[in-house]
Every structure is written in C-alpha cells, then in structure tokens.
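The file protein.txt comes next; it holds compact mmCIF, C-alpha atoms.
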# COMPACT_ATOMS: atom_id res chain seq x y z
CA MET X 1 -40.19 -119.95 103.39
CA SER X 2 -42.06 -122.38 105.62
CA ILE X 3 -45.18 -121.27 107.45
CA PRO X 4 -45.07 -122.06 111.20
CA HIS X 5 -47.67 -124.62 112.20
CA PRO X 6 -50.39 -123.40 114.57
CA LEU X 7 -49.74 -124.37 118.16
CA GLU X 8 -52.07 -126.97 119.64
CA VAL X 9 -53.18 -127.01 123.28
CA SER X 10 -53.72 -129.81 125.76
CA VAL X 11 -55.71 -129.09 128.92
CA ALA X 12 -54.57 -130.75 132.15
CA LEU X 13 -57.74 -130.97 134.25
CA CYS X 14 -57.45 -132.27 137.80
CA THR X 15 -60.53 -133.21 139.80
CA TYR X 16 -61.43 -134.30 143.30
CA ASN X 17 -65.12 -134.48 144.18
CA GLY X 18 -65.79 -131.53 141.89
CA ALA X 19 -69.04 -132.64 140.25
CA ARG X 20 -70.92 -129.57 141.49
CA PHE X 21 -69.08 -127.16 139.17
CA LEU X 22 -67.47 -129.37 136.54
CA ARG X 23 -70.09 -129.13 133.81
CA GLU X 24 -69.69 -125.33 133.59
CA GLN X 25 -65.90 -125.59 133.64
CA VAL X 26 -65.68 -128.27 130.94
CA ARG X 27 -68.17 -126.48 128.70
CA SER X 28 -66.12 -123.28 128.96
CA ILE X 29 -63.05 -125.26 127.86
CA CYS X 30 -64.66 -127.12 125.00
CA LEU X 31 -66.50 -124.10 123.59
CA GLN X 32 -63.40 -121.89 123.33
CA THR X 33 -63.06 -119.87 120.13
CA ARG X 34 -59.76 -121.73 119.75
CA PRO X 35 -60.51 -125.07 121.40
CA PRO X 36 -57.88 -127.47 122.73
CA VAL X 37 -57.18 -130.72 120.92
CA GLU X 38 -57.36 -132.81 124.08
CA ILE X 39 -58.34 -132.78 127.73
CA VAL X 40 -56.30 -134.98 130.04
CA LEU X 41 -58.39 -135.63 133.13
CA SER X 42 -56.66 -136.87 136.27
CA ASP X 43 -59.24 -137.69 138.91
CA ASP X 44 -58.03 -138.10 142.47
CA ALA X 45 -60.29 -140.86 143.80
CA SER X 46 -63.51 -138.84 143.58
CA ARG X 47 -66.65 -140.34 145.05
CA ASP X 48 -69.21 -137.95 143.55
CA GLY X 49 -69.28 -138.96 139.89
CA SER X 50 -66.83 -136.25 138.75
CA VAL X 51 -65.49 -138.39 135.88
CA GLU X 52 -68.99 -139.07 134.55
CA VAL X 53 -69.81 -135.34 134.65
CA VAL X 54 -66.72 -134.56 132.56
CA ARG X 55 -67.53 -137.30 130.03
CA ALA X 56 -71.07 -136.05 129.66
CA ALA X 57 -70.02 -132.40 129.28
CA VAL X 58 -67.44 -133.22 126.59
CA ALA X 59 -70.01 -135.28 124.68
CA GLU X 60 -72.58 -132.49 125.05
CA CYS X 61 -70.20 -129.94 123.55
CA ALA X 62 -69.23 -132.26 120.70
CA ALA X 63 -72.87 -132.30 119.63
CA GLU X 64 -73.06 -128.49 119.75
CA ARG X 65 -69.87 -127.31 118.09
CA PRO X 66 -68.51 -127.97 114.61
CA GLY X 67 -65.01 -129.24 113.92
CA PRO X 68 -63.02 -132.24 115.08
CA PRO X 69 -63.90 -133.71 118.47
CA ILE X 70 -61.81 -132.88 121.51
CA ALA X 71 -60.04 -136.02 122.71
CA LEU X 72 -60.63 -136.97 126.34
CA ARG X 73 -58.14 -139.14 128.18
CA ILE X 74 -58.87 -140.15 131.74
CA PHE X 75 -56.77 -141.28 134.68
CA GLU X 76 -58.75 -142.49 137.68
CA ASN X 77 -56.59 -142.77 140.77
CA PRO X 78 -57.78 -145.52 143.11
CA VAL X 79 -55.85 -143.80 145.91
CA ALA X 80 -55.58 -140.01 145.97
CA LEU X 81 -52.23 -138.61 144.81
CA ARG X 82 -53.01 -135.16 146.25
CA VAL X 83 -52.75 -131.89 144.36
CA VAL X 84 -49.10 -131.74 143.25
CA LYS X 85 -48.74 -135.33 142.07
CA ASN X 86 -52.20 -135.33 140.52
CA PHE X 87 -51.19 -132.37 138.36
CA GLU X 88 -47.87 -134.04 137.62
CA GLN X 89 -49.72 -137.06 136.28
CA ALA X 90 -51.98 -134.91 134.11
CA ILE X 91 -49.30 -132.68 132.60
CA SER X 92 -46.97 -135.62 131.99
CA ALA X 93 -49.65 -137.23 129.83
CA CYS X 94 -50.37 -134.13 127.73
CA THR X 95 -49.11 -134.40 124.15
CA SER X 96 -49.55 -130.90 122.67
CA GLU X 97 -46.87 -128.24 122.47
CA LEU X 98 -48.81 -126.04 124.87
CA ILE X 99 -50.40 -127.15 128.14
CA ALA X 100 -53.16 -125.22 129.91
CA LEU X 101 -53.78 -125.99 133.57
CA SER X 102 -57.37 -126.23 134.72
CA ASP X 103 -58.98 -126.45 138.13
CA GLN X 104 -62.38 -128.07 138.47
CA ASP X 105 -64.51 -125.13 139.53
CA ASP X 106 -63.69 -122.09 137.38
CA VAL X 107 -65.06 -120.74 134.11
CA TRP X 108 -62.89 -119.65 131.17
CA MET X 109 -63.64 -116.59 129.06
CA PRO X 110 -64.51 -117.78 125.50
CA ASP X 111 -61.36 -116.31 123.91
CA ARG X 112 -58.95 -117.25 126.68
CA LEU X 113 -56.93 -119.78 124.68
CA ALA X 114 -57.01 -117.73 121.48
CA LEU X 115 -55.51 -114.72 123.24
CA MET X 116 -52.88 -116.69 125.15
CA VAL X 117 -51.77 -118.94 122.29
CA ALA X 118 -51.23 -115.87 120.10
CA HIS X 119 -48.55 -114.68 122.51
CA PHE X 120 -46.70 -118.00 122.28
CA GLU X 121 -46.87 -117.89 118.49
CA GLN X 122 -45.39 -114.39 118.49
CA ASP X 123 -42.56 -115.12 120.94
CA ALA X 124 -40.57 -118.34 120.68
CA ASN X 125 -38.77 -117.54 123.96
CA LEU X 126 -42.01 -117.31 125.95
CA MET X 127 -42.16 -120.41 128.16
CA LEU X 128 -45.04 -119.66 130.52
CA LEU X 129 -47.88 -117.14 130.50
CA HIS X 130 -50.45 -116.45 133.21
CA THR X 131 -53.24 -113.93 133.62
CA ASP X 132 -55.39 -112.08 136.07
CA ALA X 133 -58.78 -113.53 137.01
CA ARG X 134 -62.15 -112.19 138.08
CA LEU X 135 -63.12 -113.42 141.54
CA VAL X 136 -66.67 -114.76 141.79
CA ASP X 137 -68.60 -116.62 144.47
CA SER X 138 -69.98 -120.15 144.23
CA GLU X 139 -72.90 -118.92 142.11
CA ARG X 140 -70.60 -116.87 139.83
CA ARG X 141 -71.65 -113.57 141.36
CA ASP X 142 -68.94 -110.94 140.88
CA LEU X 143 -66.99 -110.19 144.07
CA ASN X 144 -65.78 -106.88 142.57
CA GLN X 145 -62.18 -107.93 142.95
CA THR X 146 -59.52 -109.47 140.74
CA LEU X 147 -56.92 -112.07 141.59
CA PHE X 148 -54.01 -109.64 141.19
CA HIS X 149 -55.75 -107.20 143.54
CA ALA X 150 -56.22 -109.96 146.12
CA LEU X 151 -52.54 -110.87 145.80
CA GLU X 152 -51.54 -107.20 146.11
CA VAL X 153 -49.45 -107.40 142.95
CA THR X 154 -47.45 -104.18 142.77
CA PRO X 155 -46.53 -101.99 139.77
CA LEU X 156 -42.88 -102.92 140.40
CA GLU X 157 -43.69 -106.63 140.17
CA LEU X 158 -45.67 -106.11 136.97
CA ALA X 159 -42.79 -104.13 135.49
CA GLN X 160 -40.27 -106.81 136.43
CA VAL X 161 -42.32 -109.57 134.82
CA HIS X 162 -43.04 -107.60 131.65
CA GLY X 163 -39.40 -106.49 131.51
CA GLY X 164 -37.97 -110.01 131.39
CA LYS X 165 -37.11 -110.20 135.09
CA ALA X 166 -39.83 -112.58 136.23
CA PHE X 167 -37.27 -114.67 138.12
CA ASP X 168 -36.52 -111.76 140.47
CA ALA X 169 -40.22 -111.26 141.18
CA LEU X 170 -40.92 -114.97 141.65
CA LEU X 171 -37.93 -115.54 143.91
CA ARG X 172 -39.50 -112.94 146.22
CA ARG X 173 -42.95 -114.57 146.17
CA ASN X 174 -45.24 -116.54 143.91
CA LEU X 175 -47.49 -114.50 141.62
CA VAL X 176 -48.65 -117.34 139.37
CA THR X 177 -51.98 -119.11 139.84
CA GLY X 178 -52.15 -122.42 137.99
CA ALA X 179 -55.77 -122.00 136.94
CA THR X 180 -54.71 -119.02 134.79
CA THR X 181 -51.57 -120.59 133.32
CA VAL X 182 -50.44 -121.91 129.92
CA PHE X 183 -46.89 -123.16 129.31
CA ARG X 184 -44.81 -124.97 126.71
CA ARG X 185 -44.54 -128.71 127.13
CA ALA X 186 -40.76 -128.32 126.74
CA LEU X 187 -40.71 -127.00 130.31
CA LEU X 188 -41.40 -130.49 131.64
CA ALA X 189 -37.88 -131.64 130.77
CA ASP X 190 -36.58 -129.34 133.51
CA ALA X 191 -39.53 -129.20 135.88
CA LEU X 192 -40.35 -132.89 136.36
CA PRO X 193 -40.59 -134.47 138.82
CA LEU X 194 -42.50 -131.83 140.77
CA PRO X 195 -41.25 -131.60 144.37
CA LEU X 196 -43.94 -132.07 147.00
CA GLU X 197 -42.55 -129.13 148.98
CA TRP X 198 -43.61 -126.71 146.22
CA VAL X 199 -47.08 -125.96 144.86
CA HIS X 200 -47.11 -127.05 141.21
CA ASP X 201 -47.77 -123.60 139.74
CA GLU X 202 -45.04 -121.77 141.65
CA TRP X 203 -42.51 -124.50 140.79
CA LEU X 204 -43.34 -124.53 137.07
CA SER X 205 -43.17 -120.75 136.85
CA ILE X 206 -39.90 -120.21 138.69
CA VAL X 207 -38.14 -123.04 136.82
CA ALA X 208 -39.40 -121.60 133.53
CA SER X 209 -38.12 -118.13 134.45
CA THR X 210 -34.52 -119.35 134.84
CA THR X 211 -33.95 -120.20 131.18
CA ALA X 212 -36.73 -118.46 129.22
CA ARG X 213 -39.36 -115.76 129.47
CA VAL X 214 -42.32 -115.81 131.82
CA ASP X 215 -44.94 -113.13 131.30
CA LEU X 216 -48.45 -112.23 132.36
CA LEU X 217 -51.57 -110.68 130.89
CA GLU X 218 -53.24 -108.13 133.14
CA GLN X 219 -56.71 -108.89 131.82
CA PRO X 220 -58.88 -111.42 133.68
CA LEU X 221 -59.41 -114.41 131.38
CA ILE X 222 -61.13 -116.74 133.84
CA GLU X 223 -63.74 -116.50 136.54
CA TYR X 224 -61.94 -117.78 139.63
CA ARG X 225 -64.59 -119.23 141.88
CA GLN X 226 -64.22 -118.69 145.63
CA HIS X 227 -66.15 -121.13 147.79
CA GLU X 228 -65.90 -123.23 150.92
CA SER X 229 -64.21 -126.18 149.16
CA ASN X 230 -61.30 -124.27 147.57
CA GLN X 231 -57.98 -125.98 148.21
CA ILE X 232 -56.20 -122.71 147.40
CA GLY X 233 -58.31 -119.58 147.23
CA ALA X 234 -57.61 -115.87 146.85
CA ARG X 235 -58.62 -113.11 149.20
CA ARG X 236 -56.92 -109.87 150.17
CA ASP X 237 -56.08 -109.65 153.87
CA THR X 238 -57.63 -106.85 155.88
CA PHE X 239 -55.39 -104.58 157.95
CA LYS X 240 -56.49 -106.43 161.10
CA GLU X 241 -55.50 -109.76 159.56
CA LYS X 242 -52.09 -108.39 158.57
CA VAL X 243 -51.48 -107.25 162.15
CA ARG X 244 -52.57 -110.64 163.50
CA LYS X 245 -50.16 -112.41 161.14
CA ALA X 246 -47.32 -110.09 162.16
CA LEU X 247 -47.82 -111.07 165.81
CA ALA X 248 -48.47 -114.76 165.20
CA SER X 249 -45.97 -117.58 165.60
CA ARG X 250 -43.76 -118.11 162.58
CA GLY X 251 -43.67 -121.85 163.22
CA ASN X 252 -41.63 -123.61 160.53
CA THR X 253 -42.34 -121.05 157.81
CA HIS X 254 -38.75 -119.94 157.24
CA VAL X 255 -37.31 -123.43 157.62
CA GLU X 256 -39.72 -124.62 154.92
CA ARG X 257 -38.82 -121.69 152.66
CA ALA X 258 -35.13 -122.48 153.07
CA ILE X 259 -35.77 -126.11 152.16
CA LYS X 260 -37.70 -125.02 149.06
CA ALA X 261 -34.86 -122.75 147.99
CA GLU X 262 -32.37 -125.58 148.52
CA LEU X 263 -34.48 -127.88 146.32
CA LEU X 264 -34.62 -125.19 143.64
CA LEU X 265 -30.86 -124.74 143.77
CA ALA X 266 -30.30 -128.47 143.38
CA ARG X 267 -32.58 -128.61 140.33
CA LEU X 268 -30.96 -125.58 138.70
CA LEU X 269 -27.50 -127.05 139.20
CA GLN X 270 -28.71 -130.18 137.39
CA MET X 271 -29.69 -127.98 134.45
CA GLY X 272 -26.07 -126.95 133.99
CA ASP X 273 -24.84 -124.04 131.89
CA ARG X 274 -28.31 -123.10 130.64
CA VAL X 275 -28.94 -121.37 133.98
CA PRO X 276 -27.04 -118.05 134.24
CA PRO X 277 -24.55 -117.84 137.13
CA GLU X 278 -26.28 -114.75 138.53
CA ILE X 279 -29.48 -116.75 139.02
CA ILE X 280 -27.59 -119.44 140.94
CA ALA X 281 -26.03 -116.71 143.08
CA LYS X 282 -29.45 -115.22 143.86
CA VAL X 283 -30.84 -118.58 144.97
CA ARG X 284 -27.84 -119.13 147.24
CA SER X 285 -28.40 -115.68 148.74
CA LYS X 286 -32.09 -116.50 149.25
CA ILE X 287 -31.07 -119.61 151.21
CA VAL X 288 -28.80 -117.52 153.43
CA HIS X 289 -31.68 -115.09 154.09
CA GLN X 290 -34.22 -117.79 154.92
CA ARG X 291 -31.77 -119.57 157.24
CA PHE X 292 -31.15 -116.25 159.00
CA ARG X 293 -34.87 -115.70 159.54
CA ALA X 294 -35.37 -119.29 160.73
CA ALA X 295 -32.60 -118.89 163.35
CA LEU X 296 -33.80 -115.63 164.92
CA PRO X 297 -33.85 -115.79 168.73
CA ALA X 298 -37.05 -115.99 170.74
CA SER X 299 -36.35 -112.69 172.48
CA ARG X 300 -37.74 -109.79 170.46
CA LEU X 301 -35.18 -107.46 172.00
CA ALA X 302 -32.32 -109.72 170.93
CA ARG X 303 -33.57 -109.66 167.33
CA ILE X 304 -33.27 -105.92 166.77
CA VAL X 305 -29.57 -105.68 165.90
CA PRO X 306 -29.32 -108.78 163.66
CA ILE X 307 -32.51 -107.81 161.80
CA ALA X 308 -31.15 -104.29 161.26
CA ARG X 309 -27.92 -105.76 159.86
CA GLU X 310 -29.86 -108.11 157.58
CA ALA X 311 -32.03 -105.25 156.38
CA MET X 312 -28.88 -103.33 155.41
CA THR X 313 -27.94 -106.15 152.99
CA GLY X 314 -31.11 -105.52 150.98
CA ARG X 315 -32.18 -109.16 151.25
CA TYR X 316 -35.53 -108.35 152.85
CA ASP X 317 -36.40 -106.43 149.67
CA LYS X 318 -34.90 -108.98 147.27
CA PHE X 319 -36.40 -112.09 148.83
CA GLY X 320 -39.48 -110.94 150.72
CA ARG X 321 -41.96 -108.15 151.27
CA GLY X 322 -39.38 -105.58 152.38
CA VAL X 323 -40.47 -103.54 155.42
CA ARG X 324 -43.39 -105.89 156.01
CA GLY X 325 -40.92 -108.76 156.49
CA VAL X 326 -38.78 -106.70 158.87
CA VAL X 327 -41.83 -105.85 160.98
CA ARG X 328 -42.95 -109.47 161.11
CA ASP X 329 -39.50 -110.66 162.17
CA LEU X 330 -39.37 -108.02 164.91
CA PHE X 331 -42.76 -108.80 166.40
CA GLU X 332 -43.88 -112.35 165.58
CA SER X 333 -43.61 -115.00 168.26
CA VAL X 334 -41.41 -118.08 167.84

Take the structure in the file and give it back as structure tokens.
Amino acid sequence: MSIPHPLEVSVALCTYNGARFLREQVRSICLQTRPPVEIVLSDDASRDGSVEVVRAAVAECAAERPGPPIALRIFENPVALRVVKNFEQAISACTSELIALSDQDDVWMPDRLALMVAHFEQDANLMLLHTDARLVDSERRDLNQTLFHALEVTPLELAQVHGGKAFDALLRRNLVTGATTVFRRALLADALPLPLEWVHDEWLSIVASTTARVDLLEQPLIEYRQHESNQIGARRDTFKEKVRKALASRGNTHVERAIKAELLLARLLQMGDRVPPEIIAKVRSKIVHQRFRAALPASRLARIVPIAREAMTGRYDKFGRGVRGVVRDLFESV
C-alpha cells in the first residue's frame, strides 16, 4: 500500500506599491509551521521598492528557520496588468499541487497552511477552501469584527457550503475572499483565462464549485488589514448605508451581473459533461433574473406588478438577497 505524498504549497503573492506592509506579510508566510515550497511574486509596476522588500524578507527568514529554503520567483511587470491579470500571471506560474493566494498587506496565523492543507489531504474531492479572517486596522489593532460578520454570512449560507452546495450559495453572491483561499492547481485547467469582468477569487470559487467541493473554515486564519489603500476591503454596512443603497441608482449593476452570468455559462458549456445539467439550468435561470432586473421600468409604480411576479418564481431568493433585493428593485432610481 503506497503512502500518499504530502501536498506542497505555492504562494501566489501579488504586489503594487505595497512596501509599507510587505515585510510582515512575507515573514508570516515564510515562518509558517508548514511553510510553502515557493513564493511566486507578481509585481504590478511598483515604484516603492516592493520587490526589494520581498527579497529581503525571504532572505531574512531563511537565516532564521531551519529546513530547505523557500524558492522565490519574481515577475516584474513594466506596465501594470491590474488585479485580475496580475493574479492570473502569478497562479499560472505556480508549480505545486496547492496554491495559496496572498495579498500584500495581511498577516497569516502561524498554522494557517498546516490547518488548511490537512483538509485537502483528507478529502481528494476538495478543490478550494477559504476561511474567515480577523479584521485589523493599518497598525494591526483588532477591529472586533471578522470578515464573515462584515459580509453578513448567514447560517443558511454556511450550511449550504458545508453541505456540498457551495455552488448555490456562490451563485447568489460571492462569499470567498482571495486572501483567505487555498485551491488545487488542477482548477486552473477550467478557470484560466480569468475573465476581466469577474474578480479572481469569485471566479475561481464558483468554477471550482461546479465540478468538485468548495468548503470554508469558520475560524479566522489571517489578519485582514483594513486601511486607506485597500483595493477591496471589508466592512459591514450600517442601516443608514443600506437605506441609501436601496434608494440609489442601480446604474449598470444588473447588466453587468447578467454579462458575468453569461460568461460563466459559456465557460461551463466548454467544460462539457463534467458539469451537471442542473447547474447549467441554474445559471440560465440566473441570466433570466438579471436581465429582468436590468429591464425594469423607470417608474416605481410600474415596477410593482412585474416585481411581484418575479418574486413568486423564487428567483430573488435563489439569485440574490431575497426580500432585500425586492425592496431595492421597488425603490432604487434608474
């Protein structure tokens, strides 16, 4: 009986003028209780010495910790690729069976990789795993809030993900934050190229959920730093902010969501019989729903009957925030 080989991890680290926080982040990666075998750094035309900070931090850790050195491979983009394509470059170059995504300004708990890799070793069908995070300020002061709390993740959503129905939860809305995510490199065969219309983490997770298992750990395994330079942060809306959003103009929101669903459908059809027919049917239904919302008339009074009919189909619950979506469609301006 052969003994399964331990899974190795590559870290895809993307940077853009992140020198201020990078030393702490890289040290937290290199000093893991189960360290990665390589860091693939993709720097997006930084002008603040970010690459040099990473090199120095990796060398610093190599002098402190026993064991084989962590390989560092660097891509320096002369012209910025922007977030999605920068991550695409980094993950495409990773060579290990598991890939951990890393932002430039967070801090990993020392046993983050050990805990997450163990789940992949125990479940061959697990394709992507993400976790909660502790929100901290720029100086790593605790904000007394977690990422899942800020995202208002519900018990139903947690139960769906844990119960093998992550696709249903993710088709409604994205719950996955890249900075907390580890996935199998095998996912890239289906997920690449990453479409610009999707954020890289939500695309990777929903594609993974169509053919394999996506799960989450409810414990915070990183400190997720919130500061003025965050490209994508996390903060729970106040009641006043929710009301303001409900009355605001929807702009192109639903058109863009329909386009994203159409791109997803096209990719899943390319994947052939590996994607269950019921998943294809759900994506088609999502497209119908988003097109309906995009075409609502300007008159609030004229919206009442069609919105009531759409609500009766259950699609507001399946593909959005339920009653919250109904209220927004009734009251938001066009």

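The residue that comes closest to X:Ser138, out of X:Ala71, X:Val53, X:Val11, X:Val107 and on the basis of all atoms listed in the file, is X:Val107.
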
Considering all atoms listed in the file, tabulate each residue of stretch 33-54 of chain X that lies at most 9 Å from stretch 12-16 of chain X along with its nearest interatomic pair and the corresponding distance in Å to one decimal; arrange the rows by chain and ascending residue number and present them as a tab-separated table.
residue	atom	partner	partner_atom	distance
X:Glu38	CA	X:Ala12	CA	8.8
X:Ile39	CA	X:Ala12	CA	6.2
X:Val40	CA	X:Ala12	CA	5.0
X:Leu41	CA	X:Leu13	CA	4.8
X:Ser42	CA	X:Cys14	CA	4.9
X:Asp43	CA	X:Thr15	CA	4.7
X:Asp44	CA	X:Tyr16	CA	5.2
X:Ala45	CA	X:Tyr16	CA	6.7
X:Ser46	CA	X:Tyr16	CA	5.0
X:Arg47	CA	X:Tyr16	CA	8.2
X:Asp48	CA	X:Tyr16	CA	8.6
X:Ser50	CA	X:Thr15	CA	7.1
X:Val51	CA	X:Thr15	CA	8.2

Inset, instruction - Just the residues within 12 Å of X:Ala114, please, counting all atoms listed in the file, with nothing from its chain fewer than 2 positions along; format it as a PyMOL selection string. - result: chain X and resi 6-9+29+31-36+100+108-112+116-121+182+221

Inset, instruction - For X:Leu196, please output as a list in words all residues within 10 Å (counting only C-alpha atoms; exclusion window: fewer than 4 positions along the same chain). - result: Arg82, Val83, Val84, Lys85, His200, Trp203 and Lys260 of chain X

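Residues with any atom within 9 Å of X:Arg23, counting only C-alpha atoms and excluding same-chain neighbours fewer than 4 positions away, are Ala19, Arg27, Ser28, Val53, Val54, Ala56, Ala57, Val58 and Asp105 of chain X.
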
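Remark: residues at most 9 Å from position (-37.9, -117.6, 142.2) in file coordinates are Ala166, Phe167, Asp168, Ala169, Leu170, Leu171, Arg172, Arg173, Asn174, Glu202, Trp203, Ser205, Ile206, Val207, Ser209, Thr210, Ala261, Leu264, Lys282, Val283 and Phe319 of chain X, using all atoms listed in the file.
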
Legend entry - Shell of 12 Å around X:Ala189, only C-alpha atoms, local chain residues under 5 positions omitted, as an MDAnalysis selection string: chainID X and resid 91:92 184 194 204 207:208 267 270:271

Legend entry - Interatomic distance, atom CA of X:Glu139 to atom CA of X:Ser102 (Å, one decimal): 18.7 Å

Inset, instruction - Considering all atoms listed in the file, return as a count of residues only whatever protein or nucleic-acid residues lie within 9 Å of X:Arg300, sequence-local ones (same chain, fewer than 5 positions apart) excluded. - result: 5

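Distance-wise, atom CA of X:Asp215 and atom CA of X:Leu129 end up 5.0 Å apart.
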
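Note that atom CA of X:Arg213 and atom CA of X:Val323 are 28.7 Å apart.
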
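Closest to X:Asn125 among X:Ala191, X:Ile304, X:Val26, X:Ala186 is X:Ala186, based on only C-alpha atoms.
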
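Every polymer residue reaching to within 10 Å of (-46.1, -109.8, 136.9), counting only C-alpha atoms, appears in this list: Leu129, His130, Thr131, Asp132, Phe148, Val153, Thr154, Pro155, Leu156, Glu157, Leu158, Ala159, Gln160, Val161, His162, Gly163, Gly164, Lys165, Ala166, Ala169, Leu170, Asn174, Leu175, Val176, Val214, Asp215, Leu216, Leu217 and Glu218 of chain X.
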
3 Å per side around stretch 67-83 of chain X: axis-aligned box centre and edge lengths, as lines of an AutoDock Vina configuration file:
center_x = -58.6
center_y = -137.4
center_z = 130.1
size_x = 18.8
size_y = 22.3
size_z = 38.3

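Nearest to X:Glu24 of all the residues X:Val37, X:Val305, X:Val326, X:Cys61 is X:Cys61, counting only C-alpha atoms.
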
Inset, instruction - Considering all atoms listed in the file, state which residue in the set X:Asp317, X:Gln290, X:Pro220, X:Ala62 is at the smallest distance from X:Leu115. - result: X:Pro220
